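Trainee: The structure file run_17.pdb (PDB, C-alpha atoms and all ligand atoms) is provided below.
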ATOM      1  CA  MET A   1      12.227 -64.704  -5.108
ATOM      2  CA  ARG A   2      15.193 -62.437  -4.445
ATOM      3  CA  LYS A   3      14.801 -60.320  -7.513
ATOM      4  CA  LEU A   4      11.338 -59.044  -6.883
ATOM      5  CA  PRO A   5      12.022 -57.190  -3.631
ATOM      6  CA  ALA A   6      15.061 -55.555  -5.274
ATOM      7  CA  LEU A   7      12.920 -54.255  -8.080
ATOM      8  CA  VAL A   8      10.374 -52.950  -5.651
ATOM      9  CA  ALA A   9      13.161 -51.217  -3.791
ATOM     10  CA  VAL A  10      14.389 -49.547  -6.973
ATOM     11  CA  ALA A  11      10.903 -48.445  -7.842
ATOM     12  CA  ALA A  12      10.474 -47.062  -4.364
ATOM     13  CA  LEU A  13      13.752 -45.198  -4.652
ATOM     14  CA  ALA A  14      12.778 -43.773  -7.991
ATOM     15  CA  PHE A  15       9.700 -42.400  -6.365
ATOM     16  CA  VAL A  16      11.460 -40.636  -3.548
ATOM     17  CA  PRO A  17      12.659 -37.560  -5.418
ATOM     18  CA  ALA A  18       9.287 -36.915  -6.975
ATOM     19  CA  GLY A  19       7.593 -37.298  -3.609
ATOM     20  CA  ALA A  20      10.103 -34.983  -2.005
ATOM     21  CA  LEU A  21       9.491 -32.390  -4.669
ATOM     22  CA  ALA A  22       5.756 -32.524  -4.261
ATOM     23  CA  ALA A  23       6.128 -32.229  -0.514
ATOM     24  CA  LYS A  24       8.277 -29.112  -0.843
ATOM     25  CA  PRO A  25       6.393 -26.269   0.812
ATOM     26  CA  LYS A  26       4.929 -23.950  -1.759
ATOM     27  CA  PRO A  27       6.263 -20.417  -1.509
ATOM     28  CA  LYS A  28       3.942 -18.541   0.732
ATOM     29  CA  HIS A  29       2.174 -15.684  -0.942
ATOM     30  CA  LYS A  30       4.650 -12.933  -1.510
ATOM     31  CA  LYS A  31       5.556 -10.873   1.466
ATOM     32  CA  PRO A  32       6.914  -7.410   0.815
ATOM     33  CA  SER A  33      10.709  -7.391   0.870
ATOM     34  CA  PRO A  34      12.230  -6.454   4.222
ATOM     35  CA  ARG A  35      13.203  -3.114   2.748
ATOM     36  CA  ALA A  36       9.619  -2.291   1.865
ATOM     37  CA  LYS A  37       7.747   0.010   4.189
ATOM     38  CA  VAL A  38       4.103  -0.587   4.929
ATOM     39  CA  TYR A  39       1.614   2.135   5.812
ATOM     40  CA  LYS A  40      -1.951   1.541   6.894
ATOM     41  CA  ALA A  41      -5.110   3.542   6.692
ATOM     42  CA  THR A  42      -8.648   3.202   8.019
ATOM     43  CA  LEU A  43     -11.311   4.540   5.687
ATOM     44  CA  LYS A  44     -13.839   6.752   7.409
ATOM     45  CA  ALA A  45     -16.835   8.708   6.223
ATOM     46  CA  PHE A  46     -16.035  12.118   4.796
ATOM     47  CA  GLY A  47     -18.262  15.064   4.055
ATOM     48  CA  PRO A  48     -21.603  16.130   5.561
ATOM     49  CA  ASP A  49     -22.540  12.574   6.610
ATOM     50  CA  ALA A  50     -19.348  12.230   8.608
ATOM     51  CA  ALA A  51     -20.849  14.429  11.294
ATOM     52  CA  TYR A  52     -23.633  11.892  11.905
ATOM     53  CA  THR A  53     -21.881   8.602  11.476
ATOM     54  CA  THR A  54     -18.788   6.834  12.674
ATOM     55  CA  LYS A  55     -19.248   4.396   9.839
ATOM     56  CA  LYS A  56     -16.040   2.738   8.732
ATOM     57  CA  PHE A  57     -15.526   2.154   5.053
ATOM     58  CA  GLY A  58     -12.824  -0.464   5.388
ATOM     59  CA  LYS A  59      -9.101  -0.108   5.145
ATOM     60  CA  ALA A  60      -6.160   0.412   2.864
ATOM     61  CA  GLN A  61      -2.496  -0.416   2.802
ATOM     62  CA  LEU A  62       0.402   1.215   1.007
ATOM     63  CA  VAL A  63       3.624  -0.697   0.420
ATOM     64  CA  ASP A  64       6.601   1.418  -0.504
ATOM     65  CA  GLY A  65       9.182  -0.972  -1.884
ATOM     66  CA  LYS A  66      12.553  -0.368  -3.395
ATOM     67  CA  LYS A  67      11.279  -0.975  -6.910
ATOM     68  CA  ASN A  68       7.750  -2.263  -6.662
ATOM     69  CA  ASN A  69       5.033  -0.500  -4.793
ATOM     70  CA  LYS A  70       1.408  -1.211  -4.277
ATOM     71  CA  VAL A  71      -1.695   0.115  -2.710
ATOM     72  CA  SER A  72      -4.509  -2.175  -1.684
ATOM     73  CA  VAL A  73      -7.977  -1.201  -0.643
ATOM     74  CA  HIS A  74     -10.745  -3.127   1.058
ATOM     75  CA  VAL A  75     -13.742  -0.863   0.800
ATOM     76  CA  ARG A  76     -17.044  -1.804   2.387
ATOM     77  CA  GLY A  77     -20.293  -0.111   3.172
ATOM     78  CA  LEU A  78     -20.922   0.937  -0.435
ATOM     79  CA  THR A  79     -24.180   0.632  -2.324
ATOM     80  CA  PRO A  80     -24.264  -2.836  -3.914
ATOM     81  CA  GLY A  81     -23.419  -2.467  -7.592
ATOM     82  CA  GLY A  82     -22.800   1.254  -7.195
ATOM     83  CA  THR A  83     -20.203   3.073  -9.273
ATOM     84  CA  TYR A  84     -17.350   4.853  -7.537
ATOM     85  CA  LEU A  85     -13.818   6.158  -7.930
ATOM     86  CA  TRP A  86     -10.797   5.785  -5.718
ATOM     87  CA  HIS A  87      -7.305   7.230  -5.661
ATOM     88  CA  VAL A  88      -4.321   7.851  -3.514
ATOM     89  CA  HIS A  89      -3.942  11.565  -2.868
ATOM     90  CA  GLN A  90      -1.273  13.548  -1.073
ATOM     91  CA  ALA A  91      -1.703  16.310   1.471
ATOM     92  CA  LYS A  92      -0.512  19.724   0.335
ATOM     93  CA  LYS A  93       0.630  20.721   3.775
ATOM     94  CA  ALA A  94       0.805  19.516   7.354
ATOM     95  CA  GLY A  95      -2.511  18.557   8.931
ATOM     96  CA  ASP A  96      -5.166  15.899   8.530
ATOM     97  CA  PRO A  97      -6.363  15.776   4.917
ATOM     98  CA  CYS A  98      -9.363  13.736   6.107
ATOM     99  CA  ASP A  99     -10.595  16.534   8.347
ATOM    100  CA  PRO A 100     -13.170  18.369   6.222
ATOM    101  CA  THR A 101     -12.899  21.468   8.415
ATOM    102  CA  LEU A 102      -9.281  22.010   7.391
ATOM    103  CA  SER A 103      -9.028  23.684   4.045
ATOM    104  CA  GLY A 104      -5.996  23.540   1.827
ATOM    105  CA  VAL A 105      -4.600  20.339   3.343
ATOM    106  CA  GLY A 106      -6.115  17.855   0.941
ATOM    107  CA  ASN A 107      -5.347  17.845  -2.741
ATOM    108  CA  PRO A 108      -8.293  17.053  -5.039
ATOM    109  CA  ALA A 109      -5.898  15.837  -7.739
ATOM    110  CA  PRO A 110      -5.089  12.116  -7.542
ATOM    111  CA  TYR A 111      -1.462  11.264  -6.844
ATOM    112  CA  PRO A 112       0.145  10.666 -10.250
ATOM    113  CA  GLY A 113       2.186   7.613  -9.229
ATOM    114  CA  TRP A 114      -0.513   5.267 -10.544
ATOM    115  CA  ASP A 115      -2.508   5.204 -13.760
ATOM    116  CA  TRP A 116      -5.905   5.620 -12.161
ATOM    117  CA  SER A 117      -7.760   5.080 -15.427
ATOM    118  CA  LYS A 118      -6.889   1.390 -14.992
ATOM    119  CA  VAL A 119      -9.037   1.007 -11.874
ATOM    120  CA  ASP A 120     -11.612   3.776 -12.166
ATOM    121  CA  PRO A 121     -14.493   3.874 -12.184
ATOM    122  CA  PHE A 122     -15.166   0.694 -10.189
ATOM    123  CA  ARG A 123     -18.344  -1.063  -9.152
ATOM    124  CA  ALA A 124     -19.043  -2.287  -5.654
ATOM    125  CA  ASN A 125     -20.009  -5.969  -5.562
ATOM    126  CA  ALA A 126     -23.384  -7.308  -4.459
ATOM    127  CA  ALA A 127     -22.301  -7.030  -0.835
ATOM    128  CA  GLY A 128     -21.233  -3.401  -1.254
ATOM    129  CA  ASN A 129     -17.545  -4.251  -1.117
ATOM    130  CA  TYR A 130     -14.581  -3.583  -3.340
ATOM    131  CA  ASN A 131     -11.144  -5.134  -2.983
ATOM    132  CA  LYS A 132      -8.201  -4.194  -5.132
ATOM    133  CA  THR A 133      -4.434  -4.333  -5.145
ATOM    134  CA  PHE A 134      -2.877  -1.858  -7.514
ATOM    135  CA  LYS A 135       0.833  -1.975  -8.284
ATOM    136  CA  THR A 136       3.158   0.645  -9.630
ATOM    137  CA  LYS A 137       6.845   1.182 -10.178
ATOM    138  CA  THR A 138       6.510   4.950 -10.068
ATOM    139  CA  PHE A 139       5.950   5.609  -6.396
ATOM    140  CA  PRO A 140       6.847   8.063  -5.105
ATOM    141  CA  VAL A 141       7.054  10.201  -8.207
ATOM    142  CA  THR A 142      10.381  11.912  -8.720
ATOM    143  CA  THR A 143       9.111  14.719 -10.935
ATOM    144  CA  PRO A 144      10.306  17.950  -9.310
ATOM    145  CA  ASP A 145       7.705  19.745  -7.183
ATOM    146  CA  VAL A 146       4.996  17.154  -7.765
ATOM    147  CA  ASP A 147       5.436  15.328  -4.458
ATOM    148  CA  SER A 148       4.591  17.736  -1.662
ATOM    149  CA  GLY A 149       6.491  15.860   1.028
ATOM    150  CA  PHE A 150       3.353  15.315   3.156
ATOM    151  CA  VAL A 151       1.206  12.298   3.973
ATOM    152  CA  TYR A 152      -0.521  10.125   1.412
ATOM    153  CA  TYR A 153      -4.164   9.222   1.843
ATOM    154  CA  VAL A 154      -6.964   7.388   0.084
ATOM    155  CA  ASN A 155     -10.226   8.869  -1.095
ATOM    156  CA  VAL A 156     -13.286   7.014  -2.276
ATOM    157  CA  HIS A 157     -15.528   9.198  -4.411
ATOM    158  CA  LEU A 158     -18.989   9.018  -5.846
ATOM    159  CA  ALA A 159     -18.918   8.808  -9.628
ATOM    160  CA  ASP A 160     -19.256  12.607  -9.772
ATOM    161  CA  GLY A 161     -16.103  13.071  -7.716
ATOM    162  CA  THR A 162     -17.697  13.812  -4.340
ATOM    163  CA  VAL A 163     -15.476  12.417  -1.592
ATOM    164  CA  ILE A 164     -17.330   9.953   0.649
ATOM    165  CA  ALA A 165     -14.500   8.190   2.452
ATOM    166  CA  CYS A 166     -10.998   9.110   3.475
ATOM    167  CA  GLY A 167      -8.098   7.403   5.199
ATOM    168  CA  VAL A 168      -4.611   8.692   5.935
ATOM    169  CA  PHE A 169      -1.673   6.329   5.536
ATOM    170  CA  LYS A 170      -0.221   6.772   8.975
ATOM    171  CA  GLY A 171       3.419   7.788   8.965
ATOM    172  CA  SER A 172       3.540   7.848   5.176
ATOM    173  CA  ARG A 173       5.379  11.157   5.079
ATOM    174  CA  LYS A 174       8.391   8.911   5.550
ATOM    175  CA  ALA A 175       7.808   7.562   2.058
ATOM    176  CA  THR A 176       8.138  10.978   0.431
ATOM    177  CA  PRO A 177      11.268  11.865  -1.539
ATOM    178  CA  LYS A 178      11.676  14.985   0.595
ATOM    179  CA  PHE A 179      11.739  13.021   3.820
ATOM    180  CA  LYS A 180      14.095  10.434   2.350
ATOM    181  CA  LYS A 181      16.446  13.172   1.194
ATOM    182  CA  GLN A 182      16.402  14.721   4.647
ATOM    183  CA  GLN A 183      17.215  11.381   6.237
ATOM    184  CA  ALA A 184      20.027  10.756   3.769
ATOM    185  CA  ALA A 185      21.478  14.185   4.510
ATOM    186  CA  LYS A 186      21.283  13.511   8.250
ATOM    187  CA  LYS A 187      23.067  10.201   7.810
ATOM    188  CA  LYS A 188      25.835  11.877   5.837
ATOM    189  CA  LYS A 189      26.263  14.500   8.523
ATOM    190  CA  LYS A 190      26.482  11.848  11.212
ATOM    191  CA  LYS A 191      29.118   9.974   9.248
ATOM    192  CA  LYS A 192      31.205  13.115   8.857
ATOM    193  CA  LYS A 193      30.882  14.014  12.527
ATOM    194  CA  GLY A 194      31.425  10.654  14.171
ATOM    195  CA  LYS A 195      34.855   9.387  13.149
ATOM    196  CA  GLY A 196      34.950   5.652  13.705
ATOM    197  CA  PRO A 197      32.789   3.854  16.246
ATOM    198  CA  LYS A 198      30.855   5.588  18.964
ATOM    199  CA  ALA A 199      33.120   7.439  21.346
ATOM    200  CA  HIS A 200      33.834   5.694  24.623
ATOM    201  CA  HIS A 201      33.639   8.090  27.512
TER     202      HIS A 201
HETATM  203 CU    CU A 301      -9.563  10.689  -5.416
END
I'd like the structure from this file rewritten - as structure tokens, please.
Ligand SMILES: [Cu+2]
Mentor:
Amino acid sequence: MRKLPALVAVAALAFVPAGALAAKPKPKHKKPSPRAKVYKATLKAFGPDAAYTTKKFGKAQLVDGKKNNKVSVHVRGLTPGGTYLWHVHQAKKAGDPCDPTLSGVGNPAPYPGWDWSKVDPFRANAAGNYNKTFKTKTFPVTTPDVDSGFVYYVNVHLADGTVIACGVFKGSRKATPKFKKQQAAKKKKKKKKGKGPKAHH
């Protein structure tokens, strides 16, 4: 009579580690590292229709990480099953690249940090939506004179290239190599100037 409970106890013990393992919380879906910067955009109608509609085409997010970067888009309001293109672009100069009345701000060429042939053209689903996360290690590009130093934005195009939706990644100029260089230079200057901790007056 005494042996049976002991055996049960051993069996129970043997089970504990496995149970503990199973109960371990699964890693939550990957958050960007704390060093990654996140920029958000709202996609709005662009072109002649934009004057008559405040239609929103969804949103986009750009994550500028130390090594890994990604852009995700949630496009809605498209023709179900329709064929489209999308890219990240970069403004050529200061100003809103999504304002069709400003010329020379937007750049029709897609930003070369991603291989756009991997996602384009795409088809909207039966509900007229398209969701995609697109990763790259080459953002921002470091090729001299390719990155303008201005904001990044998303365009959704008809298959023929006509822009139908646009969204600026707010604050994304901070992700440009030019801006980063400027900040680094400022930091250096500060270090040189301020010897030791902040002066006590
Ligand atoms: Cu484009």
Trainee: Which value, in Å to one decimal, gives the distance between atom CA of Tyr39 of chain A and atom CA of Val154 of chain A?
Mentor: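 Calculated distance between atom CA of Tyr39 of chain A and atom CA of Val154 of chain A is 11.6 Å.
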Trainee: The PyMOL selection byres (((chain A and resi 158-165) around 8) and not hetatm) - which residues does that actually catch in the file I just gave you? List them as a list in words.
Mentor: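 On this input, the PyMOL selection byres (((chain A and resi 158-165) around 8) and not hetatm) captures Leu43, Lys44, Ala45, Phe46, Gly47, Phe57, Thr83, Tyr84, Leu85, Pro121, Val154, Asn155, Val156, His157, Cys166 and Gly167 of chain A.
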Trainee: Residues within 6 Å of ligand CU 301 (chain A) (only C-alpha atoms and all ligand atoms), as a list of chain:residue names?
Mentor: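 Result of the 6 Å neighbour search around ligand CU 301 (chain A): A:Trp86, A:His87, A:Pro110, A:Asn155.
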Trainee: Near Val151 of chain A, within 10 Å and counting only C-alpha atoms, which residues show up once chain neighbours fewer than 4 positions away are dropped, as a list in words?
Mentor: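 The residues satisfying every condition are His89, Gln90, Ala91, Lys92, Lys93, Ala94, Gly95, Asp96, Pro97, Val105, Gly106, Asp147, Val168, Phe169, Lys170, Gly171, Ser172, Arg173, Lys174, Ala175 and Thr176 of chain A.
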Trainee: Measuring atom to atom with all atoms listed in the file, identify which of A:Thr138, A:Thr42, A:Gln183, A:Thr54 is nearest to His74 of chain A.
Mentor: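 Residue with the minimum atom-to-atom distance to His74 of chain A: A:Thr42.
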Trainee: Taking the file as I've supplied it (selection: the PyMOL selection byres (((chain A and resi 68) around 8) and not hetatm)), which residues are included? Please answer as a count of residues only.
Mentor: 9
Trainee: Would you work out the distance separating atom CA of Val75 of chain A from atom CA of Ala36 of chain A, expressed in Å to one decimal?
Mentor: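 Separation of atom CA of Val75 of chain A and atom CA of Ala36 of chain A: 23.4 Å.
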Trainee: Just give me the gap between atom CA of Asn131 of chain A and atom CA of Arg76 of chain A in Å, one decimal is fine.
Mentor: 8.6 Å
Trainee: For a cut-off of 9 Å around (-3.3, -1.7, 0.7), file coordinates, pick out all residues using all atoms listed in the file and list them as a VMD selection string.
Mentor: chain A and resid 38 to 41 59 to 63 70 to 74 132 to 134
Trainee: Can those selected residues be exported to a file as a compact mmCIF listing (two decimals), keeping the file's coordinate frame so that it contains C-alpha atoms?
Mentor:
# COMPACT_ATOMS: atom_id res chain seq x y z
CA VAL A 38 4.10 -0.59 4.93
CA TYR A 39 1.61 2.13 5.81
CA LYS A 40 -1.95 1.54 6.89
CA ALA A 41 -5.11 3.54 6.69
CA LYS A 59 -9.10 -0.11 5.14
CA ALA A 60 -6.16 0.41 2.86
CA GLN A 61 -2.50 -0.42 2.80
CA LEU A 62 0.40 1.22 1.01
CA VAL A 63 3.62 -0.70 0.42
CA LYS A 70 1.41 -1.21 -4.28
CA VAL A 71 -1.70 0.12 -2.71
CA SER A 72 -4.51 -2.17 -1.68
CA VAL A 73 -7.98 -1.20 -0.64
CA HIS A 74 -10.74 -3.13 1.06
CA LYS A 132 -8.20 -4.19 -5.13
CA THR A 133 -4.43 -4.33 -5.14
CA PHE A 134 -2.88 -1.86 -7.51
Trainee: Might you pull out every residue within 9 Å of Leu78 of chain A, with all atoms listed in the file counted and same-chain residues fewer than 4 positions away left off, and present them as a ChimeraX atom specification?
Mentor: /A:57,82,84,124-125,127-130
Trainee: Point out the residue among A:Phe122, A:Pro177, A:Trp116, A:Lys191 with the least atom-to-atom distance to Thr143 of chain A, counting all atoms listed in the file.
Mentor: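 Among A:Phe122, A:Pro177, A:Trp116, A:Lys191, it is A:Pro177 that comes nearest to Thr143 of chain A.
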Trainee: Could you write out as JSON the box around segment 155-174 of chain A (axis-aligned, all atoms listed in the file, 4 Å on each side), with centre and edge lengths in Å to one decimal?
Mentor:
{"center_x": -5.4, "center_y": 10.1, "center_z": -0.4, "size_x": 35.6, "size_y": 15.5, "size_z": 26.7}
